[in-house]
Each structure stands twice: as structure tokens, then as C-alpha cells.
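Q: My structure file coords33.pdb, PDB, C-alpha atoms, pLDDT in the B column, is below:
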ATOM      1  CA  MET Y   1      41.542  -4.124  54.004  1.00 49.00           C
ATOM      2  CA  GLY Y   2      38.562  -6.470  53.967  1.00 66.00           C
ATOM      3  CA  THR Y   3      37.460  -9.145  56.375  1.00 91.00           C
ATOM      4  CA  PHE Y   4      40.058 -11.603  57.654  1.00 96.00           C
ATOM      5  CA  VAL Y   5      39.809 -15.204  58.915  1.00 97.00           C
ATOM      6  CA  ASP Y   6      42.756 -16.680  60.797  1.00 97.00           C
ATOM      7  CA  ALA Y   7      42.428 -20.460  60.515  1.00 97.00           C
ATOM      8  CA  THR Y   8      46.126 -21.195  61.099  1.00 97.00           C
ATOM      9  CA  GLY Y   9      46.692 -24.269  63.237  1.00 97.00           C
ATOM     10  CA  LEU Y  10      43.186 -25.578  62.557  1.00 96.00           C
ATOM     11  CA  ALA Y  11      42.611 -28.923  60.858  1.00 92.00           C
ATOM     12  CA  CYS Y  12      39.980 -29.615  58.241  1.00 87.00           C
ATOM     13  CA  PRO Y  13      37.069 -28.913  58.222  1.00 91.00           C
ATOM     14  CA  MET Y  14      37.532 -25.890  60.519  1.00 94.00           C
ATOM     15  CA  PRO Y  15      39.080 -23.563  57.874  1.00 95.00           C
ATOM     16  CA  ILE Y  16      36.015 -24.144  55.659  1.00 94.00           C
ATOM     17  CA  VAL Y  17      33.604 -23.798  58.594  1.00 95.00           C
ATOM     18  CA  LYS Y  18      35.170 -20.481  59.657  1.00 96.00           C
ATOM     19  CA  THR Y  19      35.282 -19.263  56.038  1.00 97.00           C
ATOM     20  CA  LYS Y  20      31.622 -20.147  55.471  1.00 96.00           C
ATOM     21  CA  LYS Y  21      30.595 -18.321  58.669  1.00 96.00           C
ATOM     22  CA  ALA Y  22      32.577 -15.200  57.743  1.00 97.00           C
ATOM     23  CA  MET Y  23      31.207 -15.243  54.173  1.00 97.00           C
ATOM     24  CA  ASN Y  24      27.664 -15.107  55.541  1.00 96.00           C
ATOM     25  CA  GLU Y  25      28.527 -11.752  57.149  1.00 95.00           C
ATOM     26  CA  LEU Y  26      29.779 -10.193  53.899  1.00 97.00           C
ATOM     27  CA  ASN Y  27      27.920  -8.344  51.183  1.00 96.00           C
ATOM     28  CA  SER Y  28      28.170  -9.414  47.556  1.00 96.00           C
ATOM     29  CA  GLY Y  29      31.452  -8.292  45.993  1.00 97.00           C
ATOM     30  CA  GLU Y  30      33.340  -8.025  49.274  1.00 97.00           C
ATOM     31  CA  ILE Y  31      36.577  -9.969  49.665  1.00 97.00           C
ATOM     32  CA  LEU Y  32      37.469 -12.317  52.493  1.00 97.00           C
ATOM     33  CA  GLU Y  33      41.115 -13.080  53.284  1.00 97.00           C
ATOM     34  CA  ILE Y  34      41.806 -16.475  54.825  1.00 97.00           C
ATOM     35  CA  HIS Y  35      45.082 -17.754  56.298  1.00 97.00           C
ATOM     36  CA  THR Y  36      45.448 -21.471  57.051  1.00 97.00           C
ATOM     37  CA  THR Y  37      48.221 -23.976  57.645  1.00 97.00           C
ATOM     38  CA  ASP Y  38      46.034 -26.931  56.571  1.00 94.00           C
ATOM     39  CA  LYS Y  39      47.432 -28.281  53.285  1.00 92.00           C
ATOM     40  CA  GLY Y  40      44.041 -29.823  52.460  1.00 92.00           C
ATOM     41  CA  ALA Y  41      42.508 -26.345  52.435  1.00 90.00           C
ATOM     42  CA  LYS Y  42      44.420 -25.558  49.230  1.00 88.00           C
ATOM     43  CA  SER Y  43      42.037 -27.697  47.198  1.00 91.00           C
ATOM     44  CA  ASP Y  44      39.095 -27.580  49.636  1.00 92.00           C
ATOM     45  CA  LEU Y  45      38.764 -23.787  49.740  1.00 94.00           C
ATOM     46  CA  ALA Y  46      39.089 -23.435  45.968  1.00 93.00           C
ATOM     47  CA  ALA Y  47      36.473 -26.142  45.382  1.00 95.00           C
ATOM     48  CA  TRP Y  48      34.144 -24.722  48.040  1.00 95.00           C
ATOM     49  CA  ALA Y  49      34.375 -21.180  46.620  1.00 97.00           C
ATOM     50  CA  LYS Y  50      33.619 -22.445  43.115  1.00 96.00           C
ATOM     51  CA  SER Y  51      30.689 -24.582  44.269  1.00 97.00           C
ATOM     52  CA  MET Y  52      29.174 -21.585  46.065  1.00 97.00           C
ATOM     53  CA  GLY Y  53      29.661 -19.296  43.078  1.00 98.00           C
ATOM     54  CA  HIS Y  54      32.328 -17.197  44.808  1.00 98.00           C
ATOM     55  CA  VAL Y  55      35.535 -16.146  43.059  1.00 97.00           C
ATOM     56  CA  LEU Y  56      38.957 -17.223  44.297  1.00 96.00           C
ATOM     57  CA  VAL Y  57      40.713 -13.949  43.492  1.00 97.00           C
ATOM     58  CA  LYS Y  58      44.175 -14.933  44.636  1.00 96.00           C
ATOM     59  CA  GLN Y  59      46.048 -17.594  46.556  1.00 96.00           C
ATOM     60  CA  GLU Y  60      49.642 -17.682  47.712  1.00 96.00           C
ATOM     61  CA  GLU Y  61      51.952 -19.514  50.075  1.00 96.00           C
ATOM     62  CA  GLU Y  62      54.125 -17.767  52.632  1.00 96.00           C
ATOM     63  CA  GLY Y  63      56.227 -20.340  54.458  1.00 96.00           C
ATOM     64  CA  SER Y  64      53.776 -22.814  55.966  1.00 95.00           C
ATOM     65  CA  VAL Y  65      50.810 -20.435  55.662  1.00 97.00           C
ATOM     66  CA  PHE Y  66      48.391 -20.632  52.749  1.00 97.00           C
ATOM     67  CA  LYS Y  67      46.603 -17.378  51.977  1.00 97.00           C
ATOM     68  CA  PHE Y  68      43.375 -17.061  50.017  1.00 97.00           C
ATOM     69  CA  TRP Y  69      41.304 -14.107  48.897  1.00 97.00           C
ATOM     70  CA  ILE Y  70      37.725 -15.025  48.008  1.00 97.00           C
ATOM     71  CA  GLN Y  71      35.210 -12.569  46.587  1.00 97.00           C
ATOM     72  CA  LYS Y  72      31.622 -13.161  47.637  1.00 97.00           C
ATOM     73  CA  ALA Y  73      29.182 -13.842  44.802  1.00 96.00           C
TER      74      ALA Y  73
END
Would you write the structure of this file as C-alpha cells?
A:
Amino acid sequence: MGTFVDATGLACPMPIVKTKKAMNELNSGEILEIHTTDKGAKSDLAAWAKSMGHVLVKQEEEGSVFKFWIQKA
């Protein structure tokens, strides 16, 4: 399993801030898994990943938790 960010219970912009920080620690091609309960993160994380050149590999919802897998560019 790759690197994991638990941003559940955090309001925007914290999920993005934590994701950005974790991404800086990764090497190109590595995948970061993010869990958040912030509904705004659904569009924010996808847009952020795209703007940074990263790939949103997968996203799913499990109850109130939104899960994202982003591959570093």
C-alpha cells in the first residue's frame, strides 16, 4: 500500500493542504490515498490534481467518506 492521508473531519482547505504536503514527499509515479468527509473535496481534489499534472486514478464513496487515489506526476 502507498502513502495515506486521513483528512476525515477536516473542512476545506485542510484536505488539500494535507494532500499537497504529502504529495511533496512522494516520488513521481507513486500513489497517494486520501480519505475525507468534506463534500467540497470531491471537486477540489480532482481539480487540484489536474492543475498540478497529477492523475486522479480512482475515487469512491464509502458512507460519508470520500476516497481518492492520486498518482504523482
Q: How many Å lie between atom CA of Y:Ser28 and atom CA of Y:Gly40, rounded to one decimal?
A: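 Rounded to one decimal, the two atoms are 26.3 Å apart.
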Q: Between Y:Ala49, Y:Met23, Y:Val57, Y:Val65, single out the one closest to Y:Ala7, counting only C-alpha atoms.
A: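 Of Y:Ala49, Y:Met23, Y:Val57, Y:Val65, the one nearest Y:Ala7, counting only C-alpha atoms, is Y:Val65.
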Q: By how many Å are atom CA of Y:Gly63 and atom CA of Y:Glu30 apart?
A: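 Atom CA of Y:Gly63 sits 26.5 Å away from atom CA of Y:Glu30.
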Q: Rank Y:Ala41, Y:Leu26, Y:His35, Y:Glu62 by their smallest atom-to-atom distance to Y:Pro13, using all atoms listed in the file, and report the top residue only.
A: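 With all atoms listed in the file as the atom set, the closest residue is Y:Ala41.
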Q: Excluding Y:Gly29 and its own-chain neighbours fewer than 6 positions away, which residues fall within 12 Å of it when counting all atoms listed in the file? Please give them as a list in words.
A: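 Everything that qualifies: Gly2, Met23, Gly53, His54, Val55, Leu56, Val57, Trp69, Ile70, Gln71, Lys72 and Ala73 of chain Y.
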Q: Would you pick out the contacts of Y:Thr19 at 8 Å or less, using all atoms listed in the file, so that residues sharing its chain but fewer than 3 positions from it are not included, and give the list as an MDAnalysis selection string?
A: chainID Y and resid 5 15:16 22:23 34
Q: Translate the PyMOL selection byres ((chain Y and resi 64) around 12), as applied to the file shown, into an explicit residue set as a list in words.
A: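 What the PyMOL selection byres ((chain Y and resi 64) around 12) grabs from the file is Thr8, Gly9, His35, Thr36, Thr37, Asp38, Lys39, Lys42, Glu60, Glu61, Glu62, Gly63, Val65, Phe66 and Lys67 of chain Y.
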Q: Go ahead and save the residues from that selection, with C-alpha atoms, as an mmCIF file, in the frame of the given file.
A:
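Saved to result.cif:
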data_model
loop_
_atom_site.group_PDB
_atom_site.id
_atom_site.type_symbol
_atom_site.label_atom_id
_atom_site.label_comp_id
_atom_site.auth_asym_id
_atom_site.auth_seq_id
_atom_site.Cartn_x
_atom_site.Cartn_y
_atom_site.Cartn_z
ATOM 1 C CA THR Y 8 46.126 -21.195 61.099
ATOM 2 C CA GLY Y 9 46.692 -24.269 63.237
ATOM 3 C CA HIS Y 35 45.082 -17.754 56.298
ATOM 4 C CA THR Y 36 45.448 -21.471 57.051
ATOM 5 C CA THR Y 37 48.221 -23.976 57.645
ATOM 6 C CA ASP Y 38 46.034 -26.931 56.571
ATOM 7 C CA LYS Y 39 47.432 -28.281 53.285
ATOM 8 C CA LYS Y 42 44.420 -25.558 49.230
ATOM 9 C CA GLU Y 60 49.642 -17.682 47.712
ATOM 10 C CA GLU Y 61 51.952 -19.514 50.075
ATOM 11 C CA GLU Y 62 54.125 -17.767 52.632
ATOM 12 C CA GLY Y 63 56.227 -20.340 54.458
ATOM 13 C CA VAL Y 65 50.810 -20.435 55.662
ATOM 14 C CA PHE Y 66 48.391 -20.632 52.749
ATOM 15 C CA LYS Y 67 46.603 -17.378 51.977
#
Q: Atom CA of Y:Leu10 and atom CA of Y:Ser51 are how many Å apart?
A: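 Taking atom CA of Y:Leu10 and atom CA of Y:Ser51, their separation equals 22.2 Å.
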Q: Just need the box for stretch 12-23 of chain Y, edges along x, y and z, holding every atom the file lists for it with 6 Å tacked onto each side, so centre and edge lengths in Å to one decimal, as AutoDock Vina command-line options.
A:
--center_x 35.3 --center_y -22.4 --center_z 57.3 --size_x 21.4 --size_y 26.4 --size_z 18.3
Q: Show which residues sit within 8 Å of Y:Thr3, as JSON, numbers by chain. Count all atoms listed in the file, and ignore same-chain residues fewer than 4 positions away.
A: {"Y": [22, 31, 32, 33]}
